[in-house]
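Raw contents of start-v1.cif, mmCIF, C-alpha atoms:
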data_start
loop_
_atom_site.label_atom_id
_atom_site.label_comp_id
_atom_site.auth_asym_id
_atom_site.auth_seq_id
_atom_site.Cartn_x
_atom_site.Cartn_y
_atom_site.Cartn_z
CA MET A 1 7.11 -15.91 29.04
CA SER A 2 5.43 -12.70 28.11
CA PHE A 3 2.57 -13.53 30.43
CA LEU A 4 4.85 -14.11 33.40
CA LEU A 5 6.77 -10.92 32.76
CA LEU A 6 3.57 -8.91 32.48
CA VAL A 7 2.15 -10.33 35.68
CA TYR A 8 5.40 -9.38 37.34
CA THR A 9 5.19 -5.92 35.80
CA ILE A 10 1.67 -5.27 36.95
CA VAL A 11 2.15 -6.62 40.46
CA GLY A 12 5.55 -5.03 40.86
CA GLY A 13 4.47 -1.86 39.16
CA PHE A 14 1.63 -1.26 41.53
CA LEU A 15 3.03 -2.59 44.77
CA LEU A 16 6.77 -1.95 44.92
CA ASP A 17 8.21 1.14 46.41
CA VAL A 18 8.92 4.05 44.09
CA PRO A 19 11.00 7.14 44.77
CA LYS A 20 8.76 10.06 45.57
CA LEU A 21 9.67 12.85 43.19
CA PHE A 22 8.27 16.32 43.08
CA ILE A 23 5.17 16.60 40.86
CA LEU A 24 5.53 13.04 39.59
CA ASN A 25 4.74 11.30 42.89
CA GLU A 26 3.01 7.99 42.41
CA THR A 27 2.35 8.59 38.73
CA ILE A 28 5.88 7.46 38.03
CA ARG A 29 4.38 3.99 38.03
CA ASN A 30 2.96 4.90 34.65
CA LEU A 31 6.51 4.57 33.37
CA TYR A 32 6.08 0.81 33.36
CA PHE A 33 3.22 1.18 30.90
CA HIS A 34 3.70 4.39 28.94
CA VAL A 35 7.39 4.07 28.10
CA CYS A 36 7.02 0.39 27.37
CA MET A 37 4.27 1.10 24.88
CA TRP A 38 6.56 3.36 22.89
CA PHE A 39 9.39 0.88 23.11
CA GLY A 40 7.07 -1.81 21.86
CA MET A 41 5.80 0.40 19.06
CA MET A 42 9.28 1.33 17.89
CA ILE A 43 10.41 -2.27 17.90
CA LEU A 44 7.32 -3.49 16.05
CA PHE A 45 7.58 -0.75 13.44
CA THR A 46 11.25 -1.54 12.97
CA VAL A 47 10.39 -5.19 12.41
CA SER A 48 7.74 -4.14 9.92
CA PHE A 49 10.31 -1.95 8.16
CA VAL A 50 12.79 -4.81 7.93
CA TYR A 51 10.14 -7.10 6.46
CA SER A 52 9.25 -4.46 3.89
CA ILE A 53 12.87 -4.35 2.77
CA LYS A 54 12.92 -8.13 2.67
CA TYR A 55 9.79 -8.10 0.56
CA LEU A 56 11.33 -5.76 -1.98
CA MET A 57 14.43 -7.92 -2.13
CA GLY A 58 12.66 -11.14 -2.94
CA PHE A 59 8.99 -10.33 -3.68
CA GLN A 60 7.76 -13.07 -1.40
CA TYR A 61 4.17 -12.46 -0.48
CA ARG A 62 4.50 -13.81 3.07
CA TYR A 63 6.89 -10.98 3.98
CA ASP A 64 4.22 -8.50 3.02
CA ILE A 65 1.81 -10.16 5.43
CA PHE A 66 4.47 -9.97 8.13
CA ALA A 67 5.12 -6.29 7.52
CA ASN A 68 1.45 -5.44 7.48
CA ASN A 69 0.61 -7.20 10.72
CA PHE A 70 3.60 -5.91 12.63
CA ALA A 71 2.64 -2.40 11.57
CA ALA A 72 -0.94 -3.00 12.70
CA VAL A 73 0.05 -4.16 16.17
CA GLY A 74 2.62 -1.35 16.34
CA SER A 75 -0.14 1.17 15.70
CA LEU A 76 -2.21 -0.37 18.46
CA PHE A 77 0.71 0.08 20.84
CA GLY A 78 1.15 3.63 19.59
CA ILE A 79 -2.46 4.47 20.37
CA LEU A 80 -2.15 2.91 23.82
CA GLY A 81 1.08 4.82 24.37
CA TYR A 82 -0.66 8.02 23.44
CA LEU A 83 -3.52 7.30 25.81
CA THR A 84 -1.28 6.43 28.75
CA GLY A 85 0.68 9.56 27.94
CA VAL A 86 -2.47 11.65 28.08
CA ILE A 87 -3.27 10.23 31.50
CA TRP A 88 0.21 11.09 32.67
CA VAL A 89 0.01 14.58 31.21
CA ASN A 90 -3.25 15.18 33.00
CA VAL A 91 -1.71 14.71 36.40
CA THR A 92 1.73 16.17 35.85
CA TRP A 93 1.70 18.93 33.26
CA VAL A 94 -1.84 20.17 33.04
CA THR A 95 -2.94 20.66 36.60
CA ASP A 96 -0.14 22.61 38.18
CA GLN A 97 0.15 25.32 35.57
CA GLY A 98 -3.44 25.49 34.52
CA GLN A 99 -2.61 24.73 30.90
CA SER A 100 -5.20 23.29 28.59
CA LEU A 101 -4.65 19.93 26.98
CA GLY A 102 -4.53 21.61 23.59
CA SER A 103 -1.48 23.68 24.39
CA VAL A 104 0.30 20.67 25.84
CA LEU A 105 -0.26 18.67 22.67
CA LYS A 106 2.03 20.98 20.74
CA GLU A 107 5.05 19.44 22.42
CA PRO A 108 7.65 18.27 19.88
CA LYS A 109 7.63 14.72 21.19
CA LEU A 110 3.88 14.52 21.06
CA ILE A 111 3.86 15.90 17.54
CA GLY A 112 6.29 13.16 16.58
CA ALA A 113 4.05 10.54 18.12
CA ALA A 114 0.99 11.94 16.39
CA ILE A 115 2.84 11.94 13.06
CA ALA A 116 3.82 8.32 13.58
CA LEU A 117 0.18 7.39 14.03
CA LEU A 118 -0.86 9.46 11.01
CA ILE A 119 1.78 7.82 8.83
CA TYR A 120 0.66 4.34 9.69
CA GLY A 121 -2.94 5.43 9.20
CA ALA A 122 -1.93 6.53 5.72
CA TYR A 123 -0.15 3.23 5.22
CA PHE A 124 -3.35 1.31 5.85
CA VAL A 125 -5.38 3.64 3.63
CA LEU A 126 -2.81 3.11 0.88
CA ARG A 127 -3.09 -0.63 1.30
CA GLY A 128 -6.84 -0.41 1.14
CA SER A 129 -6.82 1.42 -2.15
CA PHE A 130 -5.34 -1.44 -4.19
CA THR A 131 -7.15 -4.43 -5.51
CA ASP A 132 -4.16 -6.20 -7.01
CA ILE A 133 -2.25 -7.87 -4.18
CA ASP A 134 1.20 -7.86 -5.77
CA LYS A 135 0.97 -4.20 -6.58
CA ARG A 136 -0.41 -3.47 -3.12
CA ALA A 137 2.43 -5.33 -1.48
CA ARG A 138 5.10 -3.64 -3.54
CA ILE A 139 3.88 -0.08 -3.27
CA SER A 140 2.96 -0.18 0.38
CA ALA A 141 6.41 -1.63 1.08
CA VAL A 142 7.96 1.34 -0.67
CA TYR A 143 5.85 3.74 1.37
CA ASN A 144 6.57 1.89 4.58
CA ILE A 145 10.32 2.12 4.02
CA PHE A 146 10.25 5.75 3.01
CA ALA A 147 7.97 6.85 5.84
CA PHE A 148 9.90 4.94 8.46
CA ALA A 149 13.20 6.30 7.24
CA MET A 150 11.89 9.86 7.24
CA LEU A 151 9.98 9.64 10.48
CA PHE A 152 12.22 8.00 13.00
CA PRO A 153 15.27 10.17 12.57
CA SER A 154 13.02 13.15 13.02
CA ILE A 155 11.43 11.68 16.13
CA TRP A 156 14.83 11.05 17.61
CA ILE A 157 16.57 14.22 16.50
CA ILE A 158 14.13 17.10 16.52
CA PRO A 159 12.84 16.81 20.09
CA ARG A 160 16.43 16.89 21.28
CA LEU A 161 17.11 20.12 19.41
CA VAL A 162 14.17 22.16 20.55
CA GLY A 163 13.01 22.66 24.07
CA SER A 164 10.29 20.46 25.45
CA LEU A 165 8.60 19.62 28.70
CA HIS A 166 8.92 15.96 27.90
CA PRO A 167 11.97 14.22 29.35
CA GLY A 168 14.78 13.90 26.84
CA ALA A 169 14.89 17.51 25.69
CA PRO A 170 17.79 19.84 26.31
CA GLY A 171 17.11 21.61 29.54
CA SER A 172 15.93 18.51 31.29
CA ASP A 173 18.73 16.51 32.81
CA SER A 174 18.49 13.24 31.01
CA GLY A 175 19.43 12.55 27.42
CA ASN A 176 17.39 9.45 26.90
CA PRO A 177 14.20 9.41 28.91
CA ALA A 178 13.94 6.43 31.23
CA LEU A 179 17.32 5.01 30.21
CA ASP A 180 19.48 7.38 32.18
CA LYS A 181 20.74 6.15 35.49
CA ASN A 182 19.46 9.26 37.23
CA ASP A 183 15.90 8.60 36.21
CA MET A 184 15.29 5.40 38.10
CA ASP A 185 16.48 3.73 41.24
CA ALA A 186 17.41 0.05 41.36
CA THR A 187 13.97 -1.27 42.29
CA MET A 188 12.35 0.58 39.48
CA ARG A 189 14.84 -0.69 36.99
CA MET A 190 14.17 -4.21 38.18
CA VAL A 191 10.59 -3.77 37.10
CA PHE A 192 11.18 -1.56 34.09
CA TYR A 193 13.40 -3.76 31.94
CA PRO A 194 11.29 -6.90 32.32
CA ALA A 195 8.30 -4.69 31.60
CA VAL A 196 9.77 -3.54 28.29
CA ILE A 197 10.58 -7.08 27.29
CA GLY A 198 7.19 -8.31 28.44
CA TRP A 199 5.17 -5.77 26.52
CA THR A 200 7.26 -6.21 23.40
CA LEU A 201 6.84 -9.96 23.57
CA LEU A 202 3.11 -9.48 23.99
CA GLY A 203 3.10 -7.34 20.85
CA VAL A 204 5.13 -9.88 18.91
CA TRP A 205 2.84 -12.63 20.11
CA ILE A 206 -0.30 -10.79 18.96
CA ALA A 207 1.37 -10.05 15.64
CA THR A 208 2.38 -13.66 15.08
CA LEU A 209 -1.15 -14.81 15.86
CA LYS A 210 -2.49 -12.38 13.30
CA ILE A 211 0.16 -13.47 10.81
CA ARG A 212 -0.74 -17.12 11.26
CA VAL A 213 -4.40 -16.36 10.62
CA ALA A 214 -3.49 -14.34 7.55
CA LEU A 215 -1.17 -17.04 6.26
CA LEU A 216 -3.94 -19.61 6.60
CA ALA A 217 -6.41 -17.34 4.88
CA GLU A 218 -4.08 -16.69 1.99
CA LYS A 219 -2.85 -20.26 1.78
CA ASN A 220 -4.02 -20.75 -1.78
CA ILE A 221 -2.21 -17.71 -3.08
CA LEU A 222 0.97 -18.57 -1.25
CA GLU A 223 1.11 -22.10 -2.63
CA ASN A 224 0.51 -20.84 -6.13
CA HIS A 225 3.40 -18.48 -5.56
CA LYS A 226 5.69 -21.31 -4.63
CA SER A 227 4.79 -23.45 -7.59
CA ALA A 228 5.00 -20.52 -9.99
CA MET B 1 22.86 8.49 -18.12
CA ASN B 2 23.51 12.23 -17.92
CA ARG B 3 22.32 12.64 -21.48
CA GLN B 4 19.13 10.81 -20.64
CA ILE B 5 18.48 13.00 -17.63
CA ILE B 6 19.03 16.16 -19.66
CA ALA B 7 16.78 14.92 -22.44
CA LEU B 8 14.00 14.06 -19.99
CA LEU B 9 14.36 17.42 -18.28
CA LYS B 10 14.17 19.18 -21.60
CA LYS B 11 11.03 17.26 -22.46
CA ASP B 12 9.40 18.27 -19.16
CA PHE B 13 10.24 21.94 -19.63
CA LEU B 14 9.09 21.91 -23.24
CA LEU B 15 5.84 20.30 -22.21
CA GLU B 16 5.37 22.96 -19.56
CA PHE B 17 5.84 25.74 -22.10
CA ARG B 18 3.69 24.14 -24.75
CA GLN B 19 0.83 23.52 -22.39
CA LYS B 20 0.88 26.96 -20.89
CA HIS B 21 -2.57 26.58 -19.39
CA THR B 22 -1.31 24.35 -16.58
CA LEU B 23 1.45 26.82 -15.72
CA TYR B 24 -0.95 29.75 -15.75
CA GLY B 25 -3.37 27.63 -13.80
CA MET B 26 -0.78 27.21 -11.09
CA LEU B 27 0.04 30.90 -11.03
CA LEU B 28 -3.61 31.77 -10.77
CA TYR B 29 -3.99 29.24 -7.98
CA ILE B 30 -1.23 30.92 -5.99
CA ALA B 31 -2.57 34.40 -6.65
CA ALA B 32 -6.14 33.48 -5.78
CA THR B 33 -5.13 31.72 -2.56
CA ILE B 34 -3.02 34.61 -1.37
CA PHE B 35 -5.74 37.06 -2.32
CA VAL B 36 -8.28 35.13 -0.27
CA VAL B 37 -5.89 35.15 2.68
CA TYR B 38 -5.38 38.87 2.20
CA LEU B 39 -9.11 39.54 2.23
CA SER B 40 -9.82 37.34 5.21
CA LEU B 41 -7.11 38.76 7.45
CA PRO B 42 -6.88 42.11 9.20
CA GLU B 43 -4.26 44.58 7.93
CA SER B 44 -0.72 43.13 7.77
CA PRO B 45 -0.76 40.11 10.10
CA GLU B 46 1.67 39.43 12.90
CA THR B 47 5.00 37.90 11.91
CA ASN B 48 4.22 34.47 13.32
CA VAL B 49 0.89 34.33 11.58
CA TRP B 50 2.53 35.53 8.37
CA ASN B 51 5.15 32.82 8.67
CA SER B 52 2.79 29.94 9.30
CA LEU B 53 0.41 31.11 6.56
CA PHE B 54 3.27 31.34 4.13
CA TRP B 55 4.44 27.80 4.74
CA THR B 56 0.96 26.33 4.78
CA ILE B 57 0.29 27.89 1.41
CA GLN B 58 3.62 26.60 0.11
CA LEU B 59 2.54 23.15 1.13
CA PHE B 60 -0.73 23.31 -0.77
CA VAL B 61 0.82 24.93 -3.81
CA CYS B 62 3.35 22.13 -3.86
CA VAL B 63 0.71 19.41 -3.64
CA ASN B 64 -1.03 20.93 -6.63
CA ALA B 65 2.08 21.71 -8.67
CA VAL B 66 3.82 18.40 -8.14
CA ALA B 67 0.76 16.17 -8.19
CA LYS B 68 0.42 16.30 -11.91
CA SER B 69 4.02 15.32 -12.58
CA PHE B 70 3.16 11.66 -12.45
CA LEU B 71 -0.58 11.82 -12.85
CA GLN B 72 -0.35 13.49 -16.23
CA GLU B 73 1.72 10.69 -17.70
CA SER B 74 -0.62 8.29 -19.38
CA ARG B 75 -0.09 4.55 -19.24
CA GLY B 76 1.12 4.45 -22.80
CA ARG B 77 3.68 7.13 -22.26
CA MET B 78 4.97 5.46 -19.10
CA LEU B 79 5.43 2.31 -21.11
CA TYR B 80 7.35 4.28 -23.69
CA PHE B 81 9.66 5.77 -21.04
CA PHE B 82 10.04 2.33 -19.57
CA SER B 83 11.41 1.05 -22.82
CA ILE B 84 13.86 3.88 -23.48
CA THR B 85 15.26 5.04 -20.13
CA SER B 86 16.33 3.69 -16.80
CA PRO B 87 14.17 4.35 -13.74
CA ILE B 88 16.98 6.23 -12.03
CA ALA B 89 17.38 8.72 -14.86
CA PHE B 90 13.63 9.14 -14.93
CA ILE B 91 13.19 9.85 -11.22
CA ILE B 92 16.20 12.17 -11.10
CA SER B 93 14.86 14.22 -13.97
CA LYS B 94 11.45 14.39 -12.30
CA LEU B 95 12.98 15.44 -8.99
CA LEU B 96 15.06 18.15 -10.64
CA PHE B 97 12.15 19.43 -12.68
CA ASN B 98 9.81 19.62 -9.72
CA MET B 99 12.50 21.25 -7.64
CA VAL B 100 13.01 24.01 -10.18
CA LEU B 101 9.26 24.41 -10.68
CA MET B 102 8.62 24.62 -6.96
CA MET B 103 11.48 27.07 -6.38
CA GLY B 104 9.94 29.32 -9.03
CA MET B 105 6.50 29.00 -7.46
CA SER B 106 7.95 29.75 -4.02
CA CYS B 107 9.56 32.95 -5.28
CA ILE B 108 6.32 34.06 -6.89
CA SER B 109 4.28 33.40 -3.78
CA LEU B 110 6.91 35.17 -1.68
CA PHE B 111 6.58 38.21 -3.93
CA LEU B 112 2.79 38.12 -3.72
CA PHE B 113 3.00 37.83 0.04
CA TYR B 114 5.13 40.97 0.14
CA VAL B 115 2.64 42.80 -2.03
CA PHE B 116 -0.56 41.77 -0.29
CA LEU B 117 0.34 40.96 3.28
CA GLY B 118 3.11 43.39 4.08
CA ASN B 119 6.75 42.65 4.70
CA PRO B 120 7.73 41.59 8.20
CA VAL B 121 11.01 40.09 6.96
CA VAL B 122 14.06 41.84 8.34
CA ASN B 123 16.68 39.88 6.47
CA ALA B 124 15.31 39.45 2.96
CA SER B 125 18.17 37.49 1.39
CA VAL B 126 18.22 34.97 4.24
CA PHE B 127 14.49 34.45 3.93
CA LEU B 128 14.78 34.02 0.17
CA GLY B 129 17.40 31.35 0.74
CA ILE B 130 15.21 29.57 3.29
CA THR B 131 12.27 29.75 0.91
CA LEU B 132 14.25 28.17 -1.91
CA LEU B 133 15.60 25.47 0.39
CA GLY B 134 12.15 24.78 1.78
CA GLY B 135 10.47 24.75 -1.61
CA ALA B 136 13.05 22.29 -2.89
CA GLY B 137 12.65 20.03 0.14
CA ILE B 138 8.86 19.95 -0.01
CA SER B 139 8.85 19.29 -3.73
CA LEU B 140 11.27 16.38 -3.40
CA VAL B 141 9.11 14.62 -0.84
CA PHE B 142 5.94 15.18 -2.82
CA THR B 143 7.50 13.97 -6.06
CA LEU B 144 8.03 10.57 -4.51
CA MET B 145 4.58 10.66 -2.92
CA SER B 146 2.97 11.45 -6.24
CA ALA B 147 4.85 8.53 -7.80
CA ILE B 148 3.32 6.29 -5.14
CA ALA B 149 -0.13 7.84 -5.36
CA ALA B 150 -0.18 7.59 -9.14
CA LYS B 151 -0.13 3.83 -8.76
CA ALA B 152 -3.25 3.80 -6.62
CA GLN B 153 -6.77 4.78 -7.52
CA GLN B 154 -8.34 8.01 -6.16
CA ASN B 155 -4.86 9.45 -6.20
CA ALA B 156 -5.14 13.19 -5.57
CA ALA B 157 -6.59 12.77 -2.11
CA LEU B 158 -4.26 9.91 -1.35
CA MET B 159 -1.25 12.07 -2.08
CA ALA B 160 -2.19 14.55 0.63
CA ILE B 161 -2.78 11.75 3.13
CA LEU B 162 0.54 10.12 2.36
CA GLY B 163 2.58 13.28 2.15
CA PHE B 164 1.42 15.44 5.03
CA PRO B 165 2.59 13.34 7.96
CA VAL B 166 5.95 12.83 6.29
CA ILE B 167 6.44 16.50 5.60
CA ILE B 168 5.46 17.84 9.04
CA PRO B 169 8.89 17.51 10.69
CA GLN B 170 10.53 19.28 7.80
CA LEU B 171 7.89 22.01 7.79
CA LEU B 172 8.34 22.61 11.51
CA LEU B 173 12.07 22.91 10.97
CA LEU B 174 11.50 25.42 8.19
CA ILE B 175 9.08 27.50 10.22
CA LYS B 176 11.55 27.62 13.06
CA LEU B 177 14.39 28.40 10.70
CA SER B 178 12.58 31.24 8.99
CA LYS B 179 12.18 32.99 12.31
CA ALA B 180 15.86 33.81 11.89
CA ALA B 181 14.92 36.06 9.00
CA PHE B 182 12.36 37.85 11.17
CA GLY B 183 15.12 39.15 13.36
CA GLU B 184 14.65 36.62 16.12
CA VAL B 185 17.94 36.00 17.85
CA PHE B 186 19.29 32.48 17.75
CA ARG B 187 22.25 31.16 19.59
CA ASP B 188 25.46 31.02 17.56
CA GLY B 189 25.48 28.48 14.79
CA ALA B 190 21.89 27.38 15.37
CA VAL B 191 20.76 28.78 12.04
CA LEU B 192 23.53 26.96 10.21
CA GLN B 193 22.76 23.80 12.14
CA LEU B 194 19.07 23.93 11.29
CA SER B 195 19.65 24.64 7.61
CA GLY B 196 22.26 21.90 7.56
CA ILE B 197 19.70 19.43 8.90
CA THR B 198 17.12 20.55 6.35
CA PHE B 199 19.65 20.16 3.57
CA LEU B 200 20.69 16.73 4.80
CA MET B 201 17.05 15.67 4.88
CA ASP B 202 16.72 16.76 1.25
CA VAL B 203 19.75 14.74 0.24
CA PHE B 204 18.35 11.81 2.17
CA VAL B 205 15.02 12.06 0.36
CA VAL B 206 16.81 12.05 -3.00
CA VAL B 207 18.76 8.94 -2.03
CA MET B 208 15.62 7.19 -0.85
CA ALA B 209 13.82 8.14 -4.05
CA VAL B 210 16.62 6.79 -6.23
CA VAL B 211 16.75 3.54 -4.26
CA LEU B 212 13.01 2.98 -4.04
CA PHE B 213 11.70 4.25 -7.35
CA PRO B 214 12.79 1.28 -9.47
CA TYR B 215 10.36 -0.84 -7.42
CA LEU B 216 7.48 1.50 -8.21
CA TRP B 217 8.33 1.58 -11.84
CA LYS B 218 7.66 -1.95 -13.00
CA ASP B 219 4.10 -2.87 -13.59
#
Once you've parsed the file, please lay out its structure as structure tokens.
Amino acid sequence: MSFLLLVYTIVGGFLLDVPKLFILNETIRNLYFHVCMWFGMMILFTVSFVYSIKYLMGFQYRYDIFANNFAAVGSLFGILGYLTGVIWVNVTWVTDQGQSLGSVLKEPKLIGAAIALLIYGAYFVLRGSFTDIDKRARISAVYNIFAFAMLFPSIWIIPRLVGSLHPGAPGSDSGNPALDKNDMDATMRMVFYPAVIGWTLLGVWIATLKIRVALLAEKNILENHKSA
Amino acid sequence: MNRQIIALLKKDFLLEFRQKHTLYGMLLYIAATIFVVYLSLPESPETNVWNSLFWTIQLFVCVNAVAKSFLQESRGRMLYFFSITSPIAFIISKLLFNMVLMMGMSCISLFLFYVFLGNPVVNASVFLGITLLGGAGISLVFTLMSAIAAKAQQNAALMAILGFPVIIPQLLLLIKLSKAAFGEVFRDGAVLQLSGITFLMDVFVVVMAVVLFPYLWKD
């Protein structure tokens, strides 16, 4: 499923007609990759957040494995989203005004993205610093919930309050980048929505593979848990 | 419940006054940091530089002031608290104590900034209010972070790693907000809106702390 959708995305993304906008030109095709990465990341982190809550409600070790692996794949998507964003920035924002990359990186949206990556970096460091698995699971779940709950409102709210070059800020026309009907024509939307679903499914698929490996590796502990 | 909170608060304040060296240590830390900044900068820095330096120093002061709140409690004492109070009373008393402590520290560093680095603030009372609000917000976040970090090994460094990304949005808000006190013109209601958001974030942090702390508590 995911594979088919992604093949469709890549073929459609590179070959179909796109509206030629000022400055953006052909780079609008990056939308199929860049925006989808962030969608995928948000969804994966949300899943990880939900599993952390579930862990704290029942203290079942498998939920901790779920939360951990979804966060890991989410971070991967975040890094890819950042990279595709940098490519996009290079052709749209940097060249025509002669700005350096450093000044562009101070954009509110980009700060939010960087913070998200830092938080999940910290999450993995925190996990690494425990030897006792129950304690590790419990405390990293607490941090995961707290960080997620602090971070995502601020990612969604703050960029909309202060001005930004990135779509979705006041001053640009659209409220939600890429979701507004003005942003895309019909052909693009036909590629975009399957692309979002495809990339997210790919992320979920990678995460479930990792989870299965982890569950097999920790089989002994899990069975002891059940019998205890 | 209220009685417990008051008793725990009283214990924290008493401890602070009995062990004066930690309090003086903190004061000296603030003074030394600001003095170093004063020496390394040219005469009275620009307002923006002043502002960002002020908040950065607040951040580091807070890490140092709040870090010990959980790290100083030994295992035995935690066990003792565990047997006599509820986790919610305990975390609320810690949050309140750190908030008061950090507000005091913020005022002192604000005063030292005036003395050493000049006074670019046009509207002093507004800036004082923002400083108190900001100090409270930062201390709340770091109280919870120190509770988490205290559970791990190598905790002091871990606290900075955990706390900084979480605090950045709030810090940016505060920096933007404090520009209001430098005489920068905002559109109507923007100042109120921004301080409202900061305040809501603080309330939110308290709620999260109360909900999540019981899970950190058991060992």
Please return, as a PDB file with C-alpha atoms, in the coordinates of the input, all residues of chain A lying within 9 Å of chain B when all atoms listed in the file are considered.
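Result written to iface16.pdb:
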ATOM      1  CA  LEU A  56      11.330  -5.760  -1.980  1.00  0.00           C
ATOM      2  CA  ILE A 111       3.860  15.900  17.540  1.00  0.00           C
ATOM      3  CA  GLY A 112       6.290  13.160  16.580  1.00  0.00           C
ATOM      4  CA  ALA A 114       0.990  11.940  16.390  1.00  0.00           C
ATOM      5  CA  ILE A 115       2.840  11.940  13.060  1.00  0.00           C
ATOM      6  CA  ALA A 116       3.820   8.320  13.580  1.00  0.00           C
ATOM      7  CA  LEU A 117       0.180   7.390  14.030  1.00  0.00           C
ATOM      8  CA  LEU A 118      -0.860   9.460  11.010  1.00  0.00           C
ATOM      9  CA  ILE A 119       1.780   7.820   8.830  1.00  0.00           C
ATOM     10  CA  GLY A 121      -2.940   5.430   9.200  1.00  0.00           C
ATOM     11  CA  ALA A 122      -1.930   6.530   5.720  1.00  0.00           C
ATOM     12  CA  TYR A 123      -0.150   3.230   5.220  1.00  0.00           C
ATOM     13  CA  VAL A 125      -5.380   3.640   3.630  1.00  0.00           C
ATOM     14  CA  LEU A 126      -2.810   3.110   0.880  1.00  0.00           C
ATOM     15  CA  SER A 129      -6.820   1.420  -2.150  1.00  0.00           C
ATOM     16  CA  PHE A 130      -5.340  -1.440  -4.190  1.00  0.00           C
ATOM     17  CA  LYS A 135       0.970  -4.200  -6.580  1.00  0.00           C
ATOM     18  CA  ARG A 136      -0.410  -3.470  -3.120  1.00  0.00           C
ATOM     19  CA  ARG A 138       5.100  -3.640  -3.540  1.00  0.00           C
ATOM     20  CA  ILE A 139       3.880  -0.080  -3.270  1.00  0.00           C
ATOM     21  CA  SER A 140       2.960  -0.180   0.380  1.00  0.00           C
ATOM     22  CA  VAL A 142       7.960   1.340  -0.670  1.00  0.00           C
ATOM     23  CA  TYR A 143       5.850   3.740   1.370  1.00  0.00           C
ATOM     24  CA  ILE A 145      10.320   2.120   4.020  1.00  0.00           C
ATOM     25  CA  PHE A 146      10.250   5.750   3.010  1.00  0.00           C
ATOM     26  CA  ALA A 147       7.970   6.850   5.840  1.00  0.00           C
ATOM     27  CA  ALA A 149      13.200   6.300   7.240  1.00  0.00           C
ATOM     28  CA  MET A 150      11.890   9.860   7.240  1.00  0.00           C
ATOM     29  CA  LEU A 151       9.980   9.640  10.480  1.00  0.00           C
ATOM     30  CA  SER A 154      13.020  13.150  13.020  1.00  0.00           C
ATOM     31  CA  ILE A 155      11.430  11.680  16.130  1.00  0.00           C
ATOM     32  CA  ILE A 158      14.130  17.100  16.520  1.00  0.00           C
TER      33      ILE A 158
END
Selection under test: the PyMOL selection byres ((chain A and resi 66) around 12); residues as a PyMOL selection string
chain A and resi 44-55+60-65+67-73+137+141+204+206-215
Neighbours of Leu140 of chain B within 10 Å (only C-alpha atoms; same-chain residues fewer than 5 positions away dropped), as a compact mmCIF listing (two decimals) with C-alpha atoms, keeping the file's coordinate frame?
# COMPACT_ATOMS: atom_id res chain seq x y z
CA CYS B 62 3.35 22.13 -3.86
CA VAL B 66 3.82 18.40 -8.14
CA LYS B 94 11.45 14.39 -12.30
CA LEU B 95 12.98 15.44 -8.99
CA LEU B 96 15.06 18.15 -10.64
CA PHE B 97 12.15 19.43 -12.68
CA ASN B 98 9.81 19.62 -9.72
CA MET B 99 12.50 21.25 -7.64
CA MET B 102 8.62 24.62 -6.96
CA GLY B 134 12.15 24.78 1.78
CA GLY B 135 10.47 24.75 -1.61
CA MET B 145 4.58 10.66 -2.92
CA ASP B 202 16.72 16.76 1.25
CA VAL B 203 19.75 14.74 0.24
CA VAL B 205 15.02 12.06 0.36
CA VAL B 206 16.81 12.05 -3.00
CA ALA B 209 13.82 8.14 -4.05
Hey, can you check how far atom CA of Thr56 of chain B sits from atom CA of Lys20 of chain B?
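Interatomic distance, atom CA of Thr56 of chain B to atom CA of Lys20 of chain B: 25.7 Å.
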Around (18.6, 32.6, 7.1) in the file's own coordinates, what residues are found within 6 Å if you use all atoms listed in the file, given back as a PyMOL selection string?
chain B and resi 126-127+130+180-181
Would you translate the PyMOL selection byres ((chain A and resi 39-42) around 7) into the concrete set of residues it matches in this file, as number ranges by chain?
A: 35-38, 43-46, 74-75, 77-78, 196, 199-200, 203
So which residues touch Ile34 of chain B within 9 Å, counting all atoms listed in the file, skipping near sequence neighbours fewer than 3 positions away, as a list in words?
Tyr29, Ile30, Ala31, Val37, Tyr38, Leu39, Phe54, Ile57, Ser109, Leu112, Phe113, Phe116 and Leu117 of chain B
Interatomic distance, atom CA of Leu15 of chain B to atom CA of Ser69 of chain B (Å, one decimal)
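Computing it gives 11.0 Å between the two atoms.
Distances here use all atoms listed in the file; by that measure, the residue among B:Met1, B:Val61, B:Leu41, B:Leu9 closest to Leu27 of chain B is B:Val61.
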Between atom CA of Gly137 of chain B and atom CA of Lys179 of chain B, what is the distance, to one decimal in Å?
17.8 Å
Report as a VMD selection string the residues that result from applying the PyMOL selection byres ((chain B and resi 88) around 8) to the structure here.
chain B and resid 86 to 87 89 to 92 210 213 to 214
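Nearest residue to Phe81 of chain B among B:Leu14, B:Leu200, B:Met105, B:Ile5 is B:Ile5, counting all atoms listed in the file.
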Distance criterion (only C-alpha atoms): nearest to Phe60 of chain B out of B:Met26, B:Leu79, B:Ala150, B:Leu128
B:Met26
